[in-house]
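Engineer: Take a look at protein.txt, compact mmCIF, N, CA and C atoms and all ligand atoms:
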# COMPACT_ATOMS: atom_id res chain seq x y z
N MET D 71 -7.77 21.05 27.63
CA MET D 71 -7.60 20.36 26.36
C MET D 71 -8.59 19.21 26.24
N LYS D 72 -9.21 19.13 25.07
CA LYS D 72 -10.24 18.10 24.93
C LYS D 72 -9.81 17.10 23.84
N TYR D 73 -9.91 15.84 24.18
CA TYR D 73 -9.57 14.80 23.22
C TYR D 73 -10.82 14.10 22.73
N SER D 74 -10.79 13.64 21.49
CA SER D 74 -11.93 12.91 20.94
C SER D 74 -12.04 11.55 21.63
N GLU D 75 -13.22 10.94 21.50
CA GLU D 75 -13.40 9.62 22.09
C GLU D 75 -12.45 8.60 21.49
N LYS D 76 -12.20 8.77 20.19
CA LYS D 76 -11.29 7.82 19.51
C LYS D 76 -9.88 7.94 20.06
N VAL D 77 -9.44 9.17 20.32
CA VAL D 77 -8.10 9.35 20.88
C VAL D 77 -8.04 8.67 22.25
N MET D 78 -9.07 8.91 23.06
CA MET D 78 -9.09 8.33 24.41
C MET D 78 -9.10 6.80 24.33
N ASP D 79 -9.86 6.27 23.36
CA ASP D 79 -9.95 4.83 23.19
C ASP D 79 -8.58 4.25 22.82
N HIS D 80 -7.91 4.86 21.85
CA HIS D 80 -6.61 4.33 21.41
C HIS D 80 -5.52 4.58 22.45
N PHE D 81 -5.73 5.58 23.29
CA PHE D 81 -4.75 5.83 24.36
C PHE D 81 -4.92 4.82 25.49
N THR D 82 -6.18 4.58 25.88
CA THR D 82 -6.39 3.67 27.01
C THR D 82 -6.34 2.21 26.59
N ASN D 83 -6.59 1.95 25.31
CA ASN D 83 -6.61 0.57 24.84
C ASN D 83 -5.86 0.49 23.51
N PRO D 84 -4.54 0.77 23.54
CA PRO D 84 -3.80 0.84 22.27
C PRO D 84 -3.73 -0.52 21.57
N ARG D 85 -3.86 -0.49 20.23
CA ARG D 85 -3.79 -1.71 19.42
C ARG D 85 -2.34 -1.95 19.00
N ASN D 86 -2.01 -3.22 18.87
CA ASN D 86 -0.71 -3.62 18.31
C ASN D 86 0.51 -3.11 19.10
N VAL D 87 0.39 -3.14 20.41
CA VAL D 87 1.53 -2.75 21.23
C VAL D 87 2.48 -3.94 21.33
N GLY D 88 3.77 -3.67 21.25
CA GLY D 88 4.75 -4.73 21.47
C GLY D 88 5.86 -4.68 20.45
N GLU D 89 6.57 -5.81 20.35
CA GLU D 89 7.70 -5.88 19.43
C GLU D 89 7.47 -7.04 18.48
N ILE D 90 8.09 -6.99 17.32
CA ILE D 90 8.14 -8.16 16.45
C ILE D 90 9.61 -8.56 16.41
N GLU D 91 9.90 -9.73 16.95
CA GLU D 91 11.30 -10.11 17.09
C GLU D 91 12.03 -10.25 15.77
N ASP D 92 11.38 -10.87 14.80
CA ASP D 92 12.04 -11.04 13.49
C ASP D 92 11.47 -10.05 12.48
N ALA D 93 11.35 -8.81 12.92
CA ALA D 93 10.78 -7.77 12.05
C ALA D 93 11.62 -7.59 10.79
N ASP D 94 10.96 -7.24 9.69
CA ASP D 94 11.67 -6.97 8.44
C ASP D 94 12.14 -5.52 8.38
N GLY D 95 11.47 -4.67 9.12
CA GLY D 95 11.87 -3.27 9.16
C GLY D 95 11.56 -2.68 10.53
N VAL D 96 12.50 -1.91 11.07
CA VAL D 96 12.28 -1.27 12.36
C VAL D 96 12.61 0.21 12.21
N GLY D 97 11.75 1.04 12.74
CA GLY D 97 12.00 2.48 12.68
C GLY D 97 11.90 3.09 14.07
N VAL D 98 12.93 3.83 14.43
CA VAL D 98 12.90 4.52 15.72
C VAL D 98 13.01 6.01 15.46
N VAL D 99 12.08 6.75 15.99
CA VAL D 99 12.13 8.19 15.81
C VAL D 99 11.86 8.86 17.16
N GLY D 100 12.28 10.10 17.25
CA GLY D 100 12.08 10.81 18.50
C GLY D 100 11.85 12.28 18.22
N ASN D 101 11.27 12.93 19.17
CA ASN D 101 11.09 14.37 19.07
C ASN D 101 12.01 15.01 20.10
N ALA D 102 12.92 15.82 19.59
CA ALA D 102 13.95 16.38 20.47
C ALA D 102 13.36 17.29 21.53
N LYS D 103 12.25 17.95 21.19
CA LYS D 103 11.71 18.94 22.13
C LYS D 103 11.06 18.30 23.35
N CYS D 104 10.20 17.30 23.10
CA CYS D 104 9.49 16.71 24.23
C CYS D 104 10.20 15.45 24.74
N GLY D 105 11.14 14.92 23.94
CA GLY D 105 11.88 13.74 24.37
C GLY D 105 11.15 12.43 24.17
N ASP D 106 10.00 12.47 23.49
CA ASP D 106 9.24 11.24 23.28
C ASP D 106 9.87 10.39 22.18
N ILE D 107 9.75 9.07 22.34
CA ILE D 107 10.37 8.15 21.39
C ILE D 107 9.34 7.13 20.92
N MET D 108 9.36 6.83 19.64
CA MET D 108 8.43 5.86 19.07
C MET D 108 9.22 4.83 18.27
N LYS D 109 8.89 3.57 18.48
CA LYS D 109 9.56 2.50 17.76
C LYS D 109 8.52 1.67 17.04
N MET D 110 8.71 1.47 15.75
CA MET D 110 7.73 0.78 14.91
C MET D 110 8.37 -0.45 14.28
N TYR D 111 7.67 -1.57 14.35
CA TYR D 111 8.17 -2.82 13.77
C TYR D 111 7.24 -3.27 12.65
N LEU D 112 7.82 -3.67 11.53
CA LEU D 112 7.00 -4.14 10.40
C LEU D 112 7.41 -5.53 9.98
N LYS D 113 6.41 -6.33 9.67
CA LYS D 113 6.64 -7.63 9.07
C LYS D 113 6.09 -7.50 7.64
N ILE D 114 6.92 -7.82 6.66
CA ILE D 114 6.54 -7.56 5.27
C ILE D 114 6.68 -8.82 4.42
N GLU D 115 5.65 -9.11 3.67
CA GLU D 115 5.68 -10.24 2.74
C GLU D 115 5.13 -9.77 1.40
N ASP D 116 5.90 -9.97 0.34
CA ASP D 116 5.48 -9.56 -1.00
C ASP D 116 4.98 -8.11 -1.02
N ASP D 117 5.71 -7.24 -0.35
CA ASP D 117 5.38 -5.81 -0.30
C ASP D 117 4.08 -5.49 0.43
N VAL D 118 3.59 -6.45 1.20
CA VAL D 118 2.39 -6.20 2.01
C VAL D 118 2.82 -6.25 3.49
N ILE D 119 2.33 -5.30 4.25
CA ILE D 119 2.63 -5.27 5.69
C ILE D 119 1.68 -6.25 6.38
N THR D 120 2.23 -7.39 6.74
CA THR D 120 1.38 -8.43 7.32
C THR D 120 1.22 -8.25 8.82
N ASP D 121 2.18 -7.56 9.43
CA ASP D 121 2.05 -7.29 10.86
C ASP D 121 2.80 -6.00 11.19
N CYS D 122 2.33 -5.35 12.23
CA CYS D 122 2.91 -4.06 12.60
C CYS D 122 2.69 -3.89 14.10
N LYS D 123 3.75 -3.60 14.80
CA LYS D 123 3.62 -3.36 16.24
C LYS D 123 4.44 -2.13 16.62
N PHE D 124 4.11 -1.56 17.76
CA PHE D 124 4.85 -0.36 18.16
C PHE D 124 5.08 -0.34 19.66
N LYS D 125 6.10 0.45 19.99
CA LYS D 125 6.35 0.76 21.40
C LYS D 125 6.57 2.26 21.45
N THR D 126 5.83 2.93 22.26
CA THR D 126 5.97 4.38 22.34
C THR D 126 6.22 4.79 23.78
N PHE D 127 7.34 5.47 23.96
CA PHE D 127 7.62 6.07 25.24
C PHE D 127 7.27 7.54 25.06
N GLY D 128 6.02 7.85 25.32
CA GLY D 128 5.64 9.21 25.01
C GLY D 128 4.28 9.58 25.55
N CYS D 129 3.80 10.71 25.08
CA CYS D 129 2.56 11.26 25.60
C CYS D 129 1.35 10.46 25.09
N GLY D 130 0.20 10.76 25.61
CA GLY D 130 -1.02 10.06 25.23
C GLY D 130 -1.35 10.18 23.76
N ALA D 131 -1.12 11.37 23.20
CA ALA D 131 -1.42 11.56 21.78
C ALA D 131 -0.46 10.75 20.92
N ALA D 132 0.79 10.62 21.36
CA ALA D 132 1.76 9.81 20.61
C ALA D 132 1.35 8.34 20.65
N ILE D 133 0.85 7.90 21.78
CA ILE D 133 0.40 6.51 21.90
C ILE D 133 -0.83 6.29 21.01
N ALA D 134 -1.78 7.20 21.08
CA ALA D 134 -3.01 7.06 20.27
C ALA D 134 -2.69 7.10 18.77
N THR D 135 -1.78 7.99 18.37
CA THR D 135 -1.49 8.07 16.93
C THR D 135 -0.69 6.85 16.48
N SER D 136 0.22 6.35 17.32
CA SER D 136 0.94 5.15 16.87
C SER D 136 -0.02 3.98 16.75
N SER D 137 -0.93 3.86 17.71
CA SER D 137 -1.91 2.78 17.66
C SER D 137 -2.75 2.87 16.39
N MET D 138 -3.26 4.04 16.09
CA MET D 138 -4.08 4.22 14.89
C MET D 138 -3.25 3.97 13.64
N ALA D 139 -2.01 4.44 13.63
CA ALA D 139 -1.16 4.25 12.44
C ALA D 139 -0.94 2.76 12.16
N THR D 140 -0.73 1.97 13.21
CA THR D 140 -0.52 0.53 12.97
C THR D 140 -1.77 -0.08 12.35
N GLU D 141 -2.93 0.37 12.81
CA GLU D 141 -4.17 -0.17 12.26
C GLU D 141 -4.35 0.23 10.80
N LEU D 142 -3.88 1.42 10.46
CA LEU D 142 -4.07 1.92 9.09
C LEU D 142 -3.10 1.29 8.10
N VAL D 143 -1.97 0.76 8.56
CA VAL D 143 -1.03 0.17 7.60
C VAL D 143 -1.09 -1.35 7.57
N LYS D 144 -1.57 -1.96 8.63
CA LYS D 144 -1.60 -3.41 8.70
C LYS D 144 -2.50 -3.98 7.60
N GLY D 145 -1.95 -4.94 6.84
CA GLY D 145 -2.73 -5.54 5.76
C GLY D 145 -2.68 -4.73 4.47
N HIS D 146 -1.96 -3.62 4.50
CA HIS D 146 -1.86 -2.78 3.31
C HIS D 146 -0.47 -2.90 2.69
N THR D 147 -0.36 -2.42 1.45
CA THR D 147 0.93 -2.50 0.77
C THR D 147 1.87 -1.42 1.30
N ILE D 148 3.14 -1.61 1.01
CA ILE D 148 4.15 -0.61 1.40
C ILE D 148 3.82 0.72 0.75
N GLU D 149 3.42 0.63 -0.52
CA GLU D 149 3.10 1.86 -1.26
C GLU D 149 2.00 2.65 -0.54
N GLU D 150 0.98 1.95 -0.08
CA GLU D 150 -0.10 2.63 0.64
C GLU D 150 0.42 3.19 1.98
N ALA D 151 1.26 2.43 2.65
CA ALA D 151 1.79 2.88 3.95
C ALA D 151 2.61 4.15 3.78
N LEU D 152 3.33 4.25 2.66
CA LEU D 152 4.15 5.43 2.44
C LEU D 152 3.31 6.67 2.16
N LYS D 153 2.06 6.44 1.79
CA LYS D 153 1.17 7.58 1.56
C LYS D 153 0.48 8.04 2.83
N LEU D 154 0.66 7.29 3.89
CA LEU D 154 0.00 7.64 5.14
C LEU D 154 0.64 8.90 5.74
N THR D 155 -0.10 9.97 5.73
CA THR D 155 0.43 11.20 6.32
C THR D 155 -0.10 11.33 7.74
N ASN D 156 0.52 12.20 8.49
CA ASN D 156 0.04 12.40 9.86
C ASN D 156 -1.37 12.98 9.86
N GLN D 157 -1.72 13.75 8.81
CA GLN D 157 -3.09 14.29 8.74
C GLN D 157 -4.12 13.18 8.65
N VAL D 158 -3.79 12.14 7.88
CA VAL D 158 -4.72 11.01 7.74
C VAL D 158 -4.92 10.35 9.11
N VAL D 159 -3.84 10.20 9.85
CA VAL D 159 -3.93 9.59 11.18
C VAL D 159 -4.77 10.47 12.11
N VAL D 160 -4.54 11.77 12.04
CA VAL D 160 -5.29 12.70 12.89
C VAL D 160 -6.78 12.64 12.54
N GLU D 161 -7.08 12.61 11.24
CA GLU D 161 -8.49 12.54 10.84
C GLU D 161 -9.13 11.25 11.31
N ALA D 162 -8.39 10.16 11.21
CA ALA D 162 -8.93 8.86 11.65
C ALA D 162 -9.24 8.87 13.14
N LEU D 163 -8.55 9.75 13.87
CA LEU D 163 -8.78 9.85 15.32
C LEU D 163 -9.79 10.95 15.65
N ASP D 164 -10.43 11.50 14.64
CA ASP D 164 -11.38 12.61 14.82
C ASP D 164 -10.71 13.85 15.39
N GLY D 165 -9.47 14.05 15.00
CA GLY D 165 -8.78 15.29 15.36
C GLY D 165 -7.93 15.21 16.61
N LEU D 166 -7.00 16.15 16.67
CA LEU D 166 -6.13 16.30 17.85
C LEU D 166 -6.04 17.79 18.15
N PRO D 167 -5.86 18.15 19.39
CA PRO D 167 -5.65 19.58 19.69
C PRO D 167 -4.39 20.06 18.96
N PRO D 168 -4.39 21.29 18.44
CA PRO D 168 -3.25 21.78 17.65
C PRO D 168 -1.88 21.56 18.29
N VAL D 169 -1.77 21.72 19.59
CA VAL D 169 -0.46 21.56 20.23
C VAL D 169 -0.01 20.10 20.23
N LYS D 170 -0.90 19.21 19.87
CA LYS D 170 -0.57 17.78 19.88
C LYS D 170 -0.38 17.20 18.49
N VAL D 171 -0.50 18.05 17.47
CA VAL D 171 -0.37 17.53 16.11
C VAL D 171 1.04 17.00 15.86
N HIS D 172 2.05 17.62 16.49
CA HIS D 172 3.42 17.14 16.27
C HIS D 172 3.59 15.68 16.68
N CYS D 173 2.77 15.24 17.62
CA CYS D 173 2.87 13.85 18.09
C CYS D 173 2.51 12.88 16.95
N SER D 174 1.54 13.29 16.12
CA SER D 174 1.12 12.43 15.02
C SER D 174 2.20 12.37 13.94
N VAL D 175 3.04 13.41 13.87
CA VAL D 175 4.12 13.40 12.88
C VAL D 175 5.10 12.27 13.20
N LEU D 176 5.27 12.00 14.48
CA LEU D 176 6.16 10.90 14.88
C LEU D 176 5.68 9.57 14.29
N ALA D 177 4.37 9.37 14.27
CA ALA D 177 3.82 8.10 13.76
C ALA D 177 4.13 7.96 12.27
N GLU D 178 3.94 9.04 11.52
CA GLU D 178 4.24 9.00 10.08
C GLU D 178 5.73 8.72 9.87
N GLU D 179 6.56 9.44 10.61
CA GLU D 179 8.01 9.26 10.47
C GLU D 179 8.44 7.85 10.84
N ALA D 180 7.83 7.30 11.88
CA ALA D 180 8.23 5.97 12.36
C ALA D 180 7.94 4.90 11.32
N ILE D 181 6.78 5.01 10.68
CA ILE D 181 6.43 4.03 9.64
C ILE D 181 7.38 4.15 8.46
N LYS D 182 7.62 5.37 8.02
CA LYS D 182 8.51 5.57 6.86
C LYS D 182 9.93 5.12 7.19
N THR D 183 10.38 5.39 8.41
CA THR D 183 11.73 4.98 8.79
C THR D 183 11.83 3.46 8.82
N ALA D 184 10.77 2.79 9.25
CA ALA D 184 10.76 1.32 9.27
C ALA D 184 10.78 0.76 7.85
N VAL D 185 10.06 1.40 6.93
CA VAL D 185 10.08 0.96 5.53
C VAL D 185 11.47 1.19 4.94
N ALA D 186 12.08 2.33 5.26
CA ALA D 186 13.43 2.62 4.76
C ALA D 186 14.41 1.57 5.26
N ASP D 187 14.23 1.16 6.51
CA ASP D 187 15.09 0.12 7.10
C ASP D 187 14.93 -1.19 6.31
N TYR D 188 13.71 -1.50 5.96
CA TYR D 188 13.42 -2.71 5.18
C TYR D 188 14.07 -2.60 3.80
N TYR D 189 13.91 -1.47 3.15
CA TYR D 189 14.52 -1.27 1.83
C TYR D 189 16.04 -1.46 1.89
N LYS D 190 16.66 -0.92 2.93
CA LYS D 190 18.12 -1.04 3.05
C LYS D 190 18.50 -2.51 3.20
N LYS D 191 17.70 -3.22 3.99
CA LYS D 191 17.99 -4.65 4.22
C LYS D 191 17.93 -5.46 2.93
N ILE D 192 16.96 -5.14 2.08
CA ILE D 192 16.82 -5.94 0.86
C ILE D 192 17.54 -5.30 -0.33
N GLY D 193 18.25 -4.21 -0.08
CA GLY D 193 19.04 -3.58 -1.13
C GLY D 193 18.24 -2.79 -2.13
N ARG D 194 17.09 -2.29 -1.70
CA ARG D 194 16.27 -1.47 -2.59
C ARG D 194 16.56 0.01 -2.29
N PRO D 195 16.73 0.83 -3.30
CA PRO D 195 17.01 2.24 -3.00
C PRO D 195 15.84 2.91 -2.28
N VAL D 196 16.16 3.74 -1.32
CA VAL D 196 15.11 4.46 -0.58
C VAL D 196 14.74 5.68 -1.43
N ASP D 197 13.60 5.57 -2.12
CA ASP D 197 13.24 6.58 -3.11
C ASP D 197 12.12 7.50 -2.59
N PHE D 198 12.08 7.66 -1.27
CA PHE D 198 11.08 8.58 -0.72
C PHE D 198 11.72 9.38 0.41
N GLU D 199 11.10 10.48 0.71
CA GLU D 199 11.63 11.36 1.75
C GLU D 199 10.92 11.11 3.06
N ILE D 200 11.64 11.20 4.13
CA ILE D 200 10.99 11.14 5.44
C ILE D 200 10.97 12.57 5.96
N GLU D 201 9.77 13.10 5.95
CA GLU D 201 9.65 14.50 6.33
C GLU D 201 9.79 14.64 7.83
N LYS D 202 10.76 15.40 8.23
CA LYS D 202 10.93 15.63 9.66
C LYS D 202 9.97 16.72 10.11
N GLU D 203 9.68 16.65 11.37
CA GLU D 203 8.73 17.61 11.91
C GLU D 203 9.21 19.05 11.74
N HIS D 204 8.32 19.90 11.31
CA HIS D 204 8.70 21.31 11.20
C HIS D 204 8.45 21.97 12.56
N ASP D 205 9.28 22.89 12.87
CA ASP D 205 9.05 23.63 14.11
C ASP D 205 7.86 24.54 13.93
N GLU D 206 6.99 24.50 14.88
CA GLU D 206 5.78 25.28 14.71
C GLU D 206 5.91 26.73 15.17
N GLU D 207 6.86 26.94 16.05
CA GLU D 207 6.91 28.33 16.50
C GLU D 207 7.86 29.15 15.65
FE1 LIG B 1 5.92 14.51 22.48
FE2 LIG B 1 3.42 14.13 22.14
S1 LIG B 1 4.33 15.53 23.49
S2 LIG B 1 5.02 13.20 21.10
In structure tokens, how does this file's structure come out?

Structural biologist:
Amino acid sequence: MKYSEKVMDHFTNPRNVGEIEDADGVGVVGNAKCGDIMKMYLKIEDDVITDCKFKTFGCGAAIATSSMATELVKGHTIEEALKLTNQVVVEALDGLPPVKVHCSVLAEEAIKTAVADYYKKIGRPVDFEIEKEHDEE
């Protein structure tokens, strides 16, 4: 299996690792098949994601995609973050081997789940779907 340089870079030197103690939204997602877990923390001000951190107990591709996802949403609006699909994350990493694409789905789900958590906290209806990973086989 061959990984792009960007994947290796984000795996060996992940950005925004950690927790935000007073996070406005937290999303925890997992993949039942591989058992990997991803936790995403968002700090939100005026609908802009001012900070984003993650903790991933998972494979290298899950770490690289969570790292890239935090970079892609930080400083952006919630609306933009909700448009972030796993394909966008994969493209930003110059691709992932097909068997590892499901790992990037976790990153998309984690961000959306964290936004949904924020919406619930502030009493805003959750008007978007969190697409769960489809089984590939
Ligand atoms: Fe489970 Fe990558 S193998 S997220």

Engineer: Applying 8 Å and all atoms listed in the file, which residues near Gly100 of chain D remain after dropping the ones on its own chain fewer than 4 positions away? List them as a PyMOL selection string.

Structural biologist: chain D and resi 104-109+176+179-180

Engineer: List as a tab-separated table every residue of segment 173-200 of chain D that is in contact with segment 140-159 of chain D, defined as an atom at most 6 Å from one of its atoms (using only N, CA and C atoms), together with the nearest atom pair and the distance in Å rounded to one decimal, sorted by chain and then rising number.

Structural biologist:
residue	atom	partner	partner_atom	distance
D:Ser174	C	D:Asn156	CA	4.6
D:Val175	N	D:Asn156	CA	5.1
D:Glu178	CA	D:Asn156	N	5.2

Engineer: So that I have them on file, write out the residues from the current selection with N, CA and C atoms, as a PDB file, in the coordinates of the input.

Structural biologist:
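Okay, again_27.pdb is ready:
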ATOM      1  N   SER D 174       1.540  13.290  16.120  1.00  0.00           N
ATOM      2  CA  SER D 174       1.120  12.430  15.020  1.00  0.00           C
ATOM      3  C   SER D 174       2.200  12.370  13.940  1.00  0.00           C
ATOM      4  N   VAL D 175       3.040  13.410  13.870  1.00  0.00           N
ATOM      5  CA  VAL D 175       4.120  13.400  12.880  1.00  0.00           C
ATOM      6  C   VAL D 175       5.100  12.270  13.200  1.00  0.00           C
ATOM      7  N   GLU D 178       3.940   9.040  11.520  1.00  0.00           N
ATOM      8  CA  GLU D 178       4.240   9.000  10.080  1.00  0.00           C
ATOM      9  C   GLU D 178       5.730   8.720   9.870  1.00  0.00           C
TER      10      GLU D 178
END

Engineer: List every protein, DNA or RNA residue with an atom no more than 8 Å from (10.8, 3.9, 6.3) in the file's coordinates, counting all atoms listed in the file, and format the result as a compact mmCIF listing (two decimals) with N, CA and C atoms, in the frame of the given file.

Structural biologist:
# COMPACT_ATOMS: atom_id res chain seq x y z
N GLY D 95 11.47 -4.67 9.12
CA GLY D 95 11.87 -3.27 9.16
C GLY D 95 11.56 -2.68 10.53
N VAL D 96 12.50 -1.91 11.07
CA VAL D 96 12.28 -1.27 12.36
C VAL D 96 12.61 0.21 12.21
N GLY D 97 11.75 1.04 12.74
CA GLY D 97 12.00 2.48 12.68
C GLY D 97 11.90 3.09 14.07
N LEU D 152 3.33 4.25 2.66
CA LEU D 152 4.15 5.43 2.44
C LEU D 152 3.31 6.67 2.16
N GLU D 178 3.94 9.04 11.52
CA GLU D 178 4.24 9.00 10.08
C GLU D 178 5.73 8.72 9.87
N GLU D 179 6.56 9.44 10.61
CA GLU D 179 8.01 9.26 10.47
C GLU D 179 8.44 7.85 10.84
N ALA D 180 7.83 7.30 11.88
CA ALA D 180 8.23 5.97 12.36
C ALA D 180 7.94 4.90 11.32
N ILE D 181 6.78 5.01 10.68
CA ILE D 181 6.43 4.03 9.64
C ILE D 181 7.38 4.15 8.46
N LYS D 182 7.62 5.37 8.02
CA LYS D 182 8.51 5.57 6.86
C LYS D 182 9.93 5.12 7.19
N THR D 183 10.38 5.39 8.41
CA THR D 183 11.73 4.98 8.79
C THR D 183 11.83 3.46 8.82
N ALA D 184 10.77 2.79 9.25
CA ALA D 184 10.76 1.32 9.27
C ALA D 184 10.78 0.76 7.85
N VAL D 185 10.06 1.40 6.93
CA VAL D 185 10.08 0.96 5.53
C VAL D 185 11.47 1.19 4.94
N ALA D 186 12.08 2.33 5.26
CA ALA D 186 13.43 2.62 4.76
C ALA D 186 14.41 1.57 5.26
N ASP D 187 14.23 1.16 6.51
CA ASP D 187 15.09 0.12 7.10
C ASP D 187 14.93 -1.19 6.31
N TYR D 188 13.71 -1.50 5.96
CA TYR D 188 13.42 -2.71 5.18
C TYR D 188 14.07 -2.60 3.80
N TYR D 189 13.91 -1.47 3.15
CA TYR D 189 14.52 -1.27 1.83
C TYR D 189 16.04 -1.46 1.89
N GLU D 199 11.10 10.48 0.71
CA GLU D 199 11.63 11.36 1.75
C GLU D 199 10.92 11.11 3.06
N ILE D 200 11.64 11.20 4.13
CA ILE D 200 10.99 11.14 5.44
C ILE D 200 10.97 12.57 5.96

Engineer: Using only C-alpha atoms and all ligand atoms, which of the listed residues (D:Gly128, D:Pro195, D:Pro168, D:Pro84) sits closest to ligand LIG 1 (chain B)?

Structural biologist: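 That would be D:Gly128, the residue with the smallest distance to ligand LIG 1 (chain B).
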
Engineer: Nearest residue to Val77 of chain D out of D:Ala134, D:Ala177, D:Val160, D:Cys122, using all atoms listed in the file?

Structural biologist: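 The answer is D:Ala134, which sits nearest to Val77 of chain D.
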